[in-house]
Amino acid sequence: MTLAFVFPGQGSQAVGMGADLAGNMPVAAQVFEEVNDALGQNLSKLMFEGPGDDLTLTCNAQPALMAVSVAIMRVLEKDFEVKLADIASYVAGHSLGEYSALTVSAAVTLEDTARLLKLRGEAMQRAVPVGVGAMAALLGLDFDVVAEVAAEAGQGEVCTAANDNANGQVVISGHKAAVERAIEIARERGARRGLLLPVSAPFHCPLMQPAADEMAEALAGTTILSPVVPVIANVTAAPETDPDRIRELLVAQVTGRVRWRESILKMNELGVDRVVEAGTGKVLCGMVRRICRDMTGLSLQSPADIEAFAKSIKS
């Protein structure tokens, strides 16, 4: 059996996230404290207690989701002596989850990742005034059809396929009016459903260029090492290990498409048959099942999940 670890992106956050880990696993609690210190903010209190509206803010949700993913992996390593490089062939993360992947694979420090994600969230919000942009999920159409729909809907505005999540599940991003036009065109093309997403900015489209510029400057001053296992990058859907290339791709990721469906297929092509999702929620496991029937998915969220997985690895 060949394993890959994957890490969730924005949308999986929920009040109470990480509280069970922190209450039962001192190693996890230490991760949350390190993130709090790096940010100069009591993020863990917001994660455990809410309010939900504040947790959902991009600048809070991004480091919070990363913190839970890293906490789970640290518990595996320190409490159960399960090392990433010994059991996994690849890591990958959905959008901000790519930063989680780089952190657990020792390419970027936890402190640097927390600060980068805080900045990333703030920069994405600054890039486009609230109400100007939008994102929508188009269900029931393949990626190529959605790309055509987005191009037709643009009419001089930005509208592009932003997340190729799974078969029949593609997210578009751009100017609000163009995205709304795309929903109508998609329905005419046979989409099962088209719905606007409750996001504060149009991620992964050219409107995010100001945020990409900010991230380029921040990443230029960040130490990035070769990961202990290759990272399947969002924008290439290919294994990456070179630090300079990783830095370049993290900048490109801000405006570029998240090629998640292709990333899972690439891992399967490379021999991965089991994907372990470490973090809040089970969204990625659900996508894996839709993308490739040859692969199985497992979610690690609770202390019991981690313990059971560690025992299964050692048995």
# chains A, B, ... in the order shown; residues from 1 in each chain; ligands from 1

call {"tool": "closest_atom_pairs", "arguments": {"of": "stretch 111-200 of chain A", "to": "stretch 266-290 of chain A", "cutoff": "8 Å", "atoms": "only C-alpha atoms", "output": "tab-separated table"}}
result
residue	atom	partner	partner_atom	distance
A:Asn165	CA	A:Met287	CA	7.0
A:Ala166	CA	A:Met287	CA	5.8
A:Asn167	CA	A:Arg290	CA	6.5

call {"tool": "select_by_dssp", "arguments": {"residues": "stretch 152-218 of chain A", "states": "strand (DSSP E)", "output": "list in words"}}
result
Cys159, Thr160, Ala161, Ala162, Asn163, Asp164, Asn165, Ala166, Gln169, Val170, Val171, Ile172, Ser173, Gly174, His175, Arg193, Gly194, Leu195 and Leu196 of chain A

call {"tool": "write_last_selection", "arguments": {"atoms": "C-alpha atoms", "output": "PDB file, in the first residue's frame"}}
result
ATOM      1  CA  CYS A 159     -14.411  34.698 -15.205  1.00  0.00           C
ATOM      2  CA  THR A 160     -12.303  31.584 -14.995  1.00  0.00           C
ATOM      3  CA  ALA A 161     -12.320  28.014 -13.728  1.00  0.00           C
ATOM      4  CA  ALA A 162     -10.592  28.344 -10.352  1.00  0.00           C
ATOM      5  CA  ASN A 163     -10.848  24.920  -8.691  1.00  0.00           C
ATOM      6  CA  ASP A 164     -11.014  21.679 -10.665  1.00  0.00           C
ATOM      7  CA  ASN A 165     -12.079  19.725  -7.594  1.00  0.00           C
ATOM      8  CA  ALA A 166     -13.515  16.464  -8.903  1.00  0.00           C
ATOM      9  CA  GLN A 169     -17.453  19.653  -9.480  1.00  0.00           C
ATOM     10  CA  VAL A 170     -15.710  22.790 -10.722  1.00  0.00           C
ATOM     11  CA  VAL A 171     -15.572  26.202  -9.050  1.00  0.00           C
ATOM     12  CA  ILE A 172     -15.428  29.411 -11.079  1.00  0.00           C
ATOM     13  CA  SER A 173     -14.136  32.793  -9.924  1.00  0.00           C
ATOM     14  CA  GLY A 174     -14.110  36.376 -11.159  1.00  0.00           C
ATOM     15  CA  HIS A 175     -16.244  39.490 -11.379  1.00  0.00           C
ATOM     16  CA  ARG A 193     -26.655  22.959 -10.097  1.00  0.00           C
ATOM     17  CA  GLY A 194     -24.899  26.299  -9.974  1.00  0.00           C
ATOM     18  CA  LEU A 195     -24.581  28.151  -6.707  1.00  0.00           C
ATOM     19  CA  LEU A 196     -22.721  31.185  -5.463  1.00  0.00           C
TER      20      LEU A 196
END

call {"tool": "residues_around", "arguments": {"residues": "A:Val91", "least_positions_apart": "4", "cutoff": "8 Å", "atoms": "only C-alpha atoms", "output": "list of chain:residue names"}}
result
A:Ala4, A:Phe5, A:Val6, A:Ala101, A:Ser105, A:Val229, A:Pro230, A:Val231, A:Ile232

call {"tool": "closest_residue", "arguments": {"among": "A:Ser100, A:Ser315, A:Ser226, A:Thr296", "to": "A:Thr2", "atoms": "only C-alpha atoms"}}
result
A:Thr296

call {"tool": "select_by_dssp", "arguments": {"residues": "stretch 193-315 of chain A", "states": "alpha helix (DSSP H)", "output": "PyMOL selection string"}}
result
chain A and resi 209-220+243-255+260-269+283-291+303-314

call {"tool": "closest_residue", "arguments": {"among": "A:Gln41, A:Pro239, A:Lys118, A:Glu214", "to": "A:Ser89", "atoms": "only C-alpha atoms"}}
result
A:Pro239

call {"tool": "residues_around", "arguments": {"residues": "A:Val128", "least_positions_apart": "5", "cutoff": "8 Å", "atoms": "only C-alpha atoms", "output": "list in words"}}
result
Gly133, Ala201, Pro202, Leu207 and Met208 of chain A

call {"tool": "closest_residue", "arguments": {"among": "A:Ser312, A:Thr236, A:Ser263, A:Thr255", "to": "A:Val158", "atoms": "only C-alpha atoms"}}
result
A:Thr255

call {"tool": "atom_distance", "arguments": {"atom1": "atom CA of A:Glu248", "atom2": "atom CA of A:Ala136"}}
result
27.2 Å

call {"tool": "closest_residue", "arguments": {"among": "A:Ile183, A:Leu119, A:Ala61, A:Val108", "to": "A:Glu217", "atoms": "only C-alpha atoms"}}
result
A:Leu119

call {"tool": "residues_around", "arguments": {"residues": "A:Pro210", "least_positions_apart": "2", "cutoff": "12 Å", "atoms": "only C-alpha atoms", "output": "PyMOL selection string"}}
result
chain A and resi 120+122-129+203-208+212-217+251-252+254-255

call {"tool": "write_last_selection", "arguments": {"atoms": "C-alpha atoms", "output": "PDB file, in the first residue's frame"}}
result
ATOM      1  CA  ARG A 120      -2.169  35.596   2.398  1.00  0.00           C
ATOM      2  CA  GLU A 122      -5.336  39.635   4.395  1.00  0.00           C
ATOM      3  CA  ALA A 123      -3.808  40.211   0.948  1.00  0.00           C
ATOM      4  CA  MET A 124      -6.549  38.234  -0.786  1.00  0.00           C
ATOM      5  CA  GLN A 125      -9.182  40.302   0.999  1.00  0.00           C
ATOM      6  CA  ARG A 126      -7.454  43.575   0.097  1.00  0.00           C
ATOM      7  CA  ALA A 127      -7.058  42.632  -3.570  1.00  0.00           C
ATOM      8  CA  VAL A 128     -10.730  43.016  -4.502  1.00  0.00           C
ATOM      9  CA  PRO A 129     -13.371  45.189  -2.773  1.00  0.00           C
ATOM     10  CA  PHE A 203      -9.802  33.401  -5.120  1.00  0.00           C
ATOM     11  CA  HIS A 204      -7.590  31.743  -7.749  1.00  0.00           C
ATOM     12  CA  CYS A 205      -8.301  34.121 -10.607  1.00  0.00           C
ATOM     13  CA  PRO A 206      -6.441  37.066 -12.191  1.00  0.00           C
ATOM     14  CA  LEU A 207      -8.227  39.541  -9.892  1.00  0.00           C
ATOM     15  CA  MET A 208      -5.944  38.231  -7.149  1.00  0.00           C
ATOM     16  CA  ALA A 212       0.148  37.471  -5.599  1.00  0.00           C
ATOM     17  CA  ASP A 213       2.500  40.460  -5.652  1.00  0.00           C
ATOM     18  CA  GLU A 214       2.362  40.728  -1.851  1.00  0.00           C
ATOM     19  CA  MET A 215       3.017  37.017  -1.465  1.00  0.00           C
ATOM     20  CA  ALA A 216       5.937  37.174  -3.890  1.00  0.00           C
ATOM     21  CA  GLU A 217       7.603  39.753  -1.662  1.00  0.00           C
ATOM     22  CA  VAL A 251       3.059  32.817  -5.873  1.00  0.00           C
ATOM     23  CA  ALA A 252       1.418  31.430  -9.014  1.00  0.00           C
ATOM     24  CA  VAL A 254      -2.752  32.830  -5.733  1.00  0.00           C
ATOM     25  CA  THR A 255      -4.074  33.578  -9.234  1.00  0.00           C
TER      26      THR A 255
END

call {"tool": "atom_distance", "arguments": {"atom1": "atom CA of A:Ile313", "atom2": "atom CA of A:Asp79"}}
result
13.9 Å

call {"tool": "closest_residue", "arguments": {"among": "A:Val15, A:Leu55, A:Leu84, A:Thr109", "to": "A:Val35", "atoms": "only C-alpha atoms"}}
result
A:Thr109

call {"tool": "closest_residue", "arguments": {"among": "A:Ala220, A:Leu250, A:Ile87, A:Ala310", "to": "A:Ala233", "atoms": "only C-alpha atoms"}}
result
A:Leu250

call {"tool": "atom_distance", "arguments": {"atom1": "atom CA of A:Gly93", "atom2": "atom CA of A:Leu117"}}
result
13.5 Å
